[in-house]
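upload_12.txt, holding compact mmCIF, C-alpha atoms:
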# COMPACT_ATOMS: atom_id res chain seq x y z
CA ALA V 1 0.00 0.00 0.00
CA ASN V 2 1.22 3.49 -0.84
CA GLY V 3 -0.96 5.34 1.66
CA GLN V 4 -3.14 7.05 -0.98
CA THR V 5 -6.88 6.59 -1.43
CA VAL V 6 -8.61 6.98 -4.80
CA PHE V 7 -12.38 7.44 -5.04
CA TRP V 8 -13.62 6.47 -8.53
CA GLN V 9 -16.91 7.78 -9.94
CA HIS V 10 -18.59 5.98 -12.85
CA GLY V 11 -20.44 7.45 -15.83
CA MET V 12 -24.19 7.69 -16.43
CA ASN V 13 -24.53 4.55 -18.56
CA PHE V 14 -22.37 2.47 -16.23
CA TYR V 15 -21.70 1.49 -12.65
CA SER V 16 -18.52 0.59 -10.83
CA GLU V 17 -18.27 -2.98 -12.14
CA ALA V 18 -17.65 -1.64 -15.66
CA TYR V 19 -14.32 -0.18 -14.48
CA THR V 20 -13.01 -3.36 -12.85
CA PRO V 21 -9.76 -3.55 -14.93
CA THR V 22 -8.86 0.04 -13.99
CA LEU V 23 -9.80 -0.44 -10.34
CA ASN V 24 -7.65 -3.58 -10.18
CA THR V 25 -4.73 -1.77 -11.83
CA LEU V 26 -4.91 1.06 -9.31
CA SER V 27 -5.09 -1.41 -6.45
CA ALA V 28 -2.09 -3.34 -7.77
CA ALA V 29 -0.17 -0.05 -7.89
CA GLY V 30 -0.73 0.37 -4.15
CA PHE V 31 -3.75 2.65 -4.01
CA ARG V 32 -6.70 2.03 -1.73
CA VAL V 33 -9.59 2.19 -4.18
CA ILE V 34 -13.18 3.11 -3.37
CA ALA V 35 -15.81 2.63 -6.07
CA VAL V 36 -19.53 2.65 -5.44
CA ASP V 37 -22.68 2.49 -7.51
CA ARG V 38 -24.25 5.90 -7.00
CA VAL V 39 -27.83 6.05 -5.75
CA GLY V 40 -29.96 5.26 -8.79
CA TYR V 41 -27.35 3.04 -10.48
CA GLY V 42 -26.16 -0.57 -10.53
CA LYS V 43 -26.88 -2.42 -7.30
CA SER V 44 -27.75 0.71 -5.29
CA SER V 45 -31.32 1.75 -4.50
CA LYS V 46 -33.21 3.63 -7.21
CA PRO V 47 -35.62 6.07 -5.60
CA VAL V 48 -37.65 8.65 -7.53
CA ILE V 49 -36.16 11.81 -6.00
CA PRO V 50 -34.87 15.18 -7.29
CA TYR V 51 -31.29 14.16 -8.07
CA ASN V 52 -28.51 16.77 -7.97
CA PHE V 53 -24.72 16.80 -7.71
CA ASN V 54 -24.65 18.25 -4.19
CA PHE V 55 -26.58 15.19 -3.04
CA VAL V 56 -24.07 12.85 -4.71
CA ALA V 57 -21.05 14.74 -3.36
CA ALA V 58 -22.52 14.69 0.15
CA ASN V 59 -22.96 10.92 -0.12
CA MET V 60 -19.29 10.59 -1.10
CA LYS V 61 -18.24 12.70 1.87
CA SER V 62 -20.43 10.69 4.27
CA LEU V 63 -18.83 7.45 3.10
CA LEU V 64 -15.33 8.87 3.52
CA ASP V 65 -16.24 10.04 7.03
CA GLU V 66 -17.61 6.60 7.89
CA LEU V 67 -14.36 5.01 6.69
CA GLY V 68 -12.23 7.54 8.56
CA ILE V 69 -10.57 8.90 5.40
CA ASP V 70 -9.51 12.54 5.60
CA GLU V 71 -7.54 12.81 2.32
CA VAL V 72 -8.54 11.47 -1.08
CA ALA V 73 -7.81 11.69 -4.80
CA ILE V 74 -10.95 11.64 -6.95
CA VAL V 75 -11.36 10.38 -10.51
CA GLY V 76 -14.54 10.64 -12.54
CA HIS V 77 -15.37 9.36 -16.01
CA SER V 78 -18.12 10.91 -18.16
CA MET V 79 -20.88 12.04 -15.77
CA GLY V 80 -18.54 10.97 -12.97
CA GLY V 81 -16.41 13.95 -14.01
CA MET V 82 -19.29 16.23 -13.12
CA VAL V 83 -19.60 14.49 -9.75
CA VAL V 84 -15.95 14.96 -8.82
CA SER V 85 -16.02 18.56 -10.08
CA ARG V 86 -18.73 19.35 -7.56
CA PHE V 87 -17.02 17.33 -4.81
CA ALA V 88 -13.69 19.11 -5.32
CA MET V 89 -15.38 22.51 -5.14
CA LEU V 90 -17.30 21.64 -1.97
CA TYR V 91 -14.54 19.74 -0.13
CA PRO V 92 -11.17 21.21 -1.15
CA ASP V 93 -9.54 20.51 2.21
CA ILE V 94 -9.64 16.73 1.74
CA THR V 95 -9.14 16.57 -2.05
CA THR V 96 -5.52 16.07 -3.17
CA HIS V 97 -5.98 15.31 -6.88
CA VAL V 98 -8.87 15.61 -9.33
CA VAL V 99 -8.96 13.73 -12.64
CA LEU V 100 -11.68 14.43 -15.22
CA VAL V 101 -11.84 11.60 -17.78
CA ASN V 102 -13.89 12.60 -20.83
CA GLN V 103 -16.27 14.55 -18.66
CA ILE V 104 -19.70 15.44 -20.01
CA GLY V 105 -21.72 18.53 -19.10
CA LEU V 106 -19.16 20.84 -20.67
CA GLU V 107 -21.69 23.55 -21.50
CA VAL V 108 -24.94 24.93 -20.11
CA GLN V 109 -27.79 23.15 -21.90
CA ARG V 110 -30.41 25.73 -20.91
CA GLN V 111 -29.24 27.89 -23.79
CA SER V 112 -29.70 25.21 -26.45
CA ARG V 113 -32.97 23.48 -25.52
CA PRO V 114 -36.16 24.33 -23.61
CA TRP V 115 -36.99 23.12 -20.10
CA SER V 116 -39.20 20.05 -19.78
CA ASP V 117 -41.41 18.93 -16.90
CA TRP V 118 -39.77 15.57 -16.29
CA PHE V 119 -42.58 14.32 -14.05
CA ALA V 120 -45.45 15.31 -16.35
CA THR V 121 -44.05 13.85 -19.57
CA PRO V 122 -45.03 10.21 -20.23
CA VAL V 123 -42.27 7.66 -19.62
CA ASN V 124 -41.41 5.29 -22.47
CA PRO V 125 -38.88 2.44 -22.49
CA SER V 126 -35.74 2.89 -24.57
CA SER V 127 -35.36 0.56 -27.55
CA TYR V 128 -32.39 -1.77 -27.88
CA ARG V 129 -31.39 0.05 -31.06
CA SER V 130 -31.30 3.46 -29.35
CA ILE V 131 -29.30 2.14 -26.39
CA LEU V 132 -26.83 0.43 -28.72
CA ALA V 133 -26.45 3.60 -30.78
CA GLY V 134 -25.72 5.58 -27.63
CA HIS V 135 -22.96 3.20 -26.56
CA ARG V 136 -21.44 3.00 -30.03
CA ARG V 137 -20.81 6.74 -29.92
CA TYR V 138 -18.14 6.06 -27.28
CA PHE V 139 -15.86 4.36 -29.79
CA PRO V 140 -14.75 6.15 -32.99
CA ASP V 141 -13.41 3.00 -34.65
CA GLU V 142 -13.33 -0.55 -33.32
CA TRP V 143 -16.28 -1.72 -31.23
CA PRO V 144 -15.23 -3.98 -28.32
CA PRO V 145 -17.57 -7.01 -28.37
CA ALA V 146 -17.50 -7.37 -24.57
CA HIS V 147 -19.18 -3.96 -24.32
CA LEU V 148 -22.45 -5.45 -25.57
CA GLU V 149 -22.98 -6.82 -22.07
CA PHE V 150 -23.58 -3.30 -20.76
CA VAL V 151 -26.03 -2.61 -23.59
CA ARG V 152 -27.86 -5.83 -22.73
CA ARG V 153 -28.12 -4.96 -19.05
CA GLN V 154 -29.38 -1.44 -19.71
CA TYR V 155 -32.01 -2.74 -22.11
CA GLY V 156 -32.87 -5.51 -19.66
CA GLN V 157 -34.46 -2.98 -17.33
CA ASN V 158 -37.32 -2.85 -19.84
CA MET V 159 -38.06 -6.46 -18.91
CA SER V 160 -38.56 -5.56 -15.24
CA SER V 161 -42.02 -5.14 -13.76
CA GLU V 162 -40.68 -1.83 -12.41
CA TRP V 163 -39.48 -0.54 -15.75
CA GLN V 164 -41.54 2.67 -15.46
CA ARG V 165 -39.92 3.63 -12.16
CA LEU V 166 -36.46 2.72 -13.46
CA ALA V 167 -37.04 4.77 -16.61
CA MET V 168 -38.15 7.75 -14.50
CA VAL V 169 -35.04 7.44 -12.32
CA ARG V 170 -32.86 7.48 -15.43
CA ARG V 171 -34.74 10.50 -16.74
CA LEU V 172 -34.21 12.36 -13.46
CA GLN V 173 -30.50 11.53 -13.52
CA GLY V 174 -30.24 12.90 -17.03
CA ALA V 175 -32.03 16.05 -15.90
CA MET V 176 -29.07 16.79 -13.62
CA LEU V 177 -27.11 17.92 -16.68
CA TYR V 178 -29.77 20.51 -17.44
CA ASN V 179 -30.78 21.57 -13.93
CA ASP V 180 -27.45 21.44 -12.10
CA PRO V 181 -24.52 22.28 -14.44
CA VAL V 182 -20.99 22.24 -13.06
CA VAL V 183 -19.51 24.73 -15.52
CA TYR V 184 -19.48 27.31 -12.73
CA ASP V 185 -17.59 24.99 -10.35
CA TRP V 186 -14.27 24.62 -12.19
CA GLN V 187 -12.95 28.12 -11.46
CA HIS V 188 -13.35 27.46 -7.73
CA ILE V 189 -11.43 24.14 -7.70
CA THR V 190 -8.05 24.64 -6.05
CA SER V 191 -6.90 21.00 -5.93
CA LYS V 192 -4.32 19.72 -8.41
CA ALA V 193 -6.31 18.68 -11.48
CA LEU V 194 -5.85 16.75 -14.72
CA VAL V 195 -8.12 16.75 -17.77
CA LEU V 196 -7.46 13.31 -19.27
CA ALA V 197 -9.41 12.35 -22.36
CA GLY V 198 -9.71 10.94 -25.84
CA GLU V 199 -9.93 13.68 -28.47
CA GLU V 200 -12.48 11.90 -30.68
CA ASP V 201 -15.29 11.98 -28.11
CA GLY V 202 -18.49 11.44 -30.09
CA LEU V 203 -20.76 12.86 -27.38
CA ILE V 204 -19.99 16.49 -28.16
CA GLU V 205 -18.84 18.32 -31.27
CA ASP V 206 -15.27 19.67 -31.06
CA PHE V 207 -14.57 18.02 -27.72
CA PRO V 208 -10.92 19.23 -27.55
CA LYS V 209 -12.11 22.85 -27.53
CA TYR V 210 -14.34 22.25 -24.53
CA ALA V 211 -11.73 20.13 -22.74
CA ARG V 212 -9.16 22.91 -23.05
CA HIS V 213 -11.70 25.38 -21.74
CA VAL V 214 -12.21 23.23 -18.63
CA ALA V 215 -8.44 23.09 -18.08
CA SER V 216 -8.19 26.87 -18.44
CA GLU V 217 -10.92 27.39 -15.84
CA LEU V 218 -9.30 25.15 -13.21
CA GLN V 219 -6.87 26.97 -10.92
CA ASN V 220 -4.09 24.35 -11.01
CA SER V 221 -4.44 21.99 -13.95
CA ALA V 222 -2.79 20.03 -16.73
CA ILE V 223 -4.40 18.50 -19.80
CA LEU V 224 -3.56 15.33 -21.74
CA LEU V 225 -5.60 14.45 -24.83
CA TYR V 226 -5.21 11.20 -26.81
CA PRO V 227 -5.51 11.65 -30.61
CA GLY V 228 -7.86 9.20 -32.33
CA ILE V 229 -9.32 7.92 -29.05
CA GLY V 230 -12.96 8.30 -28.06
CA HIS V 231 -15.04 8.61 -24.91
CA ALA V 232 -13.56 5.64 -23.04
CA PRO V 233 -9.72 5.72 -23.11
CA GLN V 234 -9.62 3.31 -20.16
CA ILE V 235 -11.07 0.71 -22.56
CA GLU V 236 -9.41 1.71 -25.84
CA ILE V 237 -5.83 2.27 -24.62
CA PRO V 238 -5.77 0.85 -21.08
CA ASP V 239 -1.99 0.54 -20.71
CA GLN V 240 -1.26 4.13 -21.72
CA PHE V 241 -4.25 5.47 -19.80
CA HIS V 242 -3.31 3.67 -16.58
CA THR V 243 0.33 4.74 -16.86
CA ASP V 244 -0.61 8.40 -17.21
CA LEU V 245 -3.30 8.26 -14.54
CA ILE V 246 -1.05 6.61 -11.95
CA ARG V 247 1.82 8.99 -12.70
CA PHE V 248 -0.44 11.95 -12.00
CA LEU V 249 -1.98 10.45 -8.86
CA ARG V 250 1.52 9.77 -7.47
CA SER V 251 2.64 13.35 -8.09
CA ASP V 252 3.03 15.79 -5.22
CA PRO V 253 -0.34 17.50 -4.68
CA ASN V 254 1.43 20.67 -3.60
CA GLU V 255 3.41 21.01 -6.83
CA PRO V 256 1.97 22.78 -9.91
CA ALA V 257 -0.02 20.45 -12.14
CA SER V 258 1.97 21.71 -15.11
CA GLU V 259 5.05 19.94 -13.71
CA TRP V 260 3.57 16.49 -13.18
Rewrite the coordinates I just gave you, this time as structure tokens.
Amino acid sequence: ANGQTVFWQHGMNFYSEAYTPTLNTLSAAGFRVIAVDRVGYGKSSKPVIPYNFNFVAANMKSLLDELGIDEVAIVGHSMGGMVVSRFAMLYPDITTHVVLVNQIGLEVQRQSRPWSDWFATPVNPSSYRSILAGHRRYFPDEWPPAHLEFVRRQYGQNMSSEWQRLAMVRRLQGAMLYNDPVVYDWQHITSKALVLAGEEDGLIEDFPKYARHVASELQNSAILLYPGIGHAPQIEIPDQFHTDLIRFLRSDPNEPASEW
């Protein structure tokens, strides 16, 4: 053990199990790794509540308090990047490093689409084709066959007798991007930060432009973009991704991020 704790936050279409290779690599490198399914995901409870990032960050802090951890590095992929952005802003005194891996929510959506009453709009199940199309956008070139398991599980919720509640929970989670943006959080994050991402992210047009903007907003940051890689570098180029991630997490939190 190297004495460092890493708290990993999963993306919206995933849960912690999907990051098992990365979690195992971090553990083998000596880190104590914490990875949970957020409320509403995976094996955690799925209540119909008004979800927001303060709620998620507070849950993270409560778990750390319960475990007696007073210093942590946080890594978030996709929507998990939004989670750790909010956590780092709210709890700077215990956050040593922040890593944003292909974070979503890079702009305020209120300016590009109208508000919708999420509770009043009828809930419909997602088709297998639409779920598959959403996941395929993660990979610009080769599709990893093993990834179909996550498509199957997401679609499988339609087979549940509680599919309407599960679909509403997913809708409310998605509404967090619209109702609770984190674009105003980055400028207040003082912890050492790294924007780590694939350049060919199919979830947003001209992703590198937005990624560089995030890095410029953070007070102490570095940025590393992988050419030709999409939304999930931990899957596409795991060896390179893990090497860079671990090197940053091992760096002195009190040194400038530009020197990592």
Please report, as a tab-separated table, each residue of range 61-80 of chain V lying at most 10 Å from range 224-245 of chain V, together with the nearest pair of atoms and the separation in Å rounded to one decimal; use all atoms listed in the file, and order rows by chain and ascending residue number.
residue	atom	partner	partner_atom	distance
V:Val75	CA	V:Leu245	CA	9.3
V:His77	CA	V:Ala232	CA	8.2
V:Ser78	CA	V:His231	CA	7.8
Pairwise distance for CA of Thr22 in chain V and CA of Leu203 in chain V, rounded to one decimal in Å: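 Value for the CA of Thr22 in chain V-CA of Leu203 in chain V distance: 22.0 Å.
One distance worth recording is that between CA of Phe7 in chain V and CA of Val36 in chain V, which is 8.6 Å.
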For Arg170 in chain V, the nearest of the candidates V:Val123, V:Val84, V:Ala29, V:Met89, counting all atoms listed in the file: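 Of all the options, V:Val123 lies closest to Arg170 in chain V.
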Computed interatomic separation between CA of Ile34 in chain V and CA of Asn52 in chain V (Å):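 Separation between CA of Ile34 in chain V and CA of Asn52 in chain V: 21.0 Å.
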Residue neighbourhood Arg137 in chain V, 12 Å, all atoms listed in the file, exclusion window fewer than 3 positions, as a ChimeraX atom specification: /V:130-134,140-143,200-205,229-232
Selected residue of minimal separation from Leu148 in chain V among V:Pro92, V:Ala18, V:Ser160, V:Ala257, counting all atoms listed in the file: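 Smallest separation from Leu148 in chain V among the options: V:Ala18.
For the set V:Trp163, V:Trp186, V:Trp8, V:Tyr155, the residue with the smallest atom-to-atom gap to Arg32 in chain V is V:Trp8, counting only C-alpha atoms.
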Best match for closeness to Ser258 in chain V among V:Pro47, V:Ile246, V:Ala222, V:Met159, counting all atoms listed in the file: V:Ala222
Given all atoms listed in the file as the counted atoms, nearest of V:Thr25, V:Val56, V:Pro181, V:Lys43 to Arg110 in chain V: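 Of V:Thr25, V:Val56, V:Pro181, V:Lys43, the one nearest Arg110 in chain V, counting all atoms listed in the file, is V:Pro181.
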Residues within 8 Å of Asp70 in chain V, only C-alpha atoms, excluding chain neighbours under 5 positions, as a list of chain:residue names: V:Leu64, V:Asp65, V:Ile94
Shortest interatomic distance to Ser27 in chain V - which of V:Asn59, V:Gly3, V:Phe87, V:Met12, counting only C-alpha atoms: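 Comparing V:Asn59, V:Gly3, V:Phe87, V:Met12 against Ser27 in chain V, the winner is V:Gly3.
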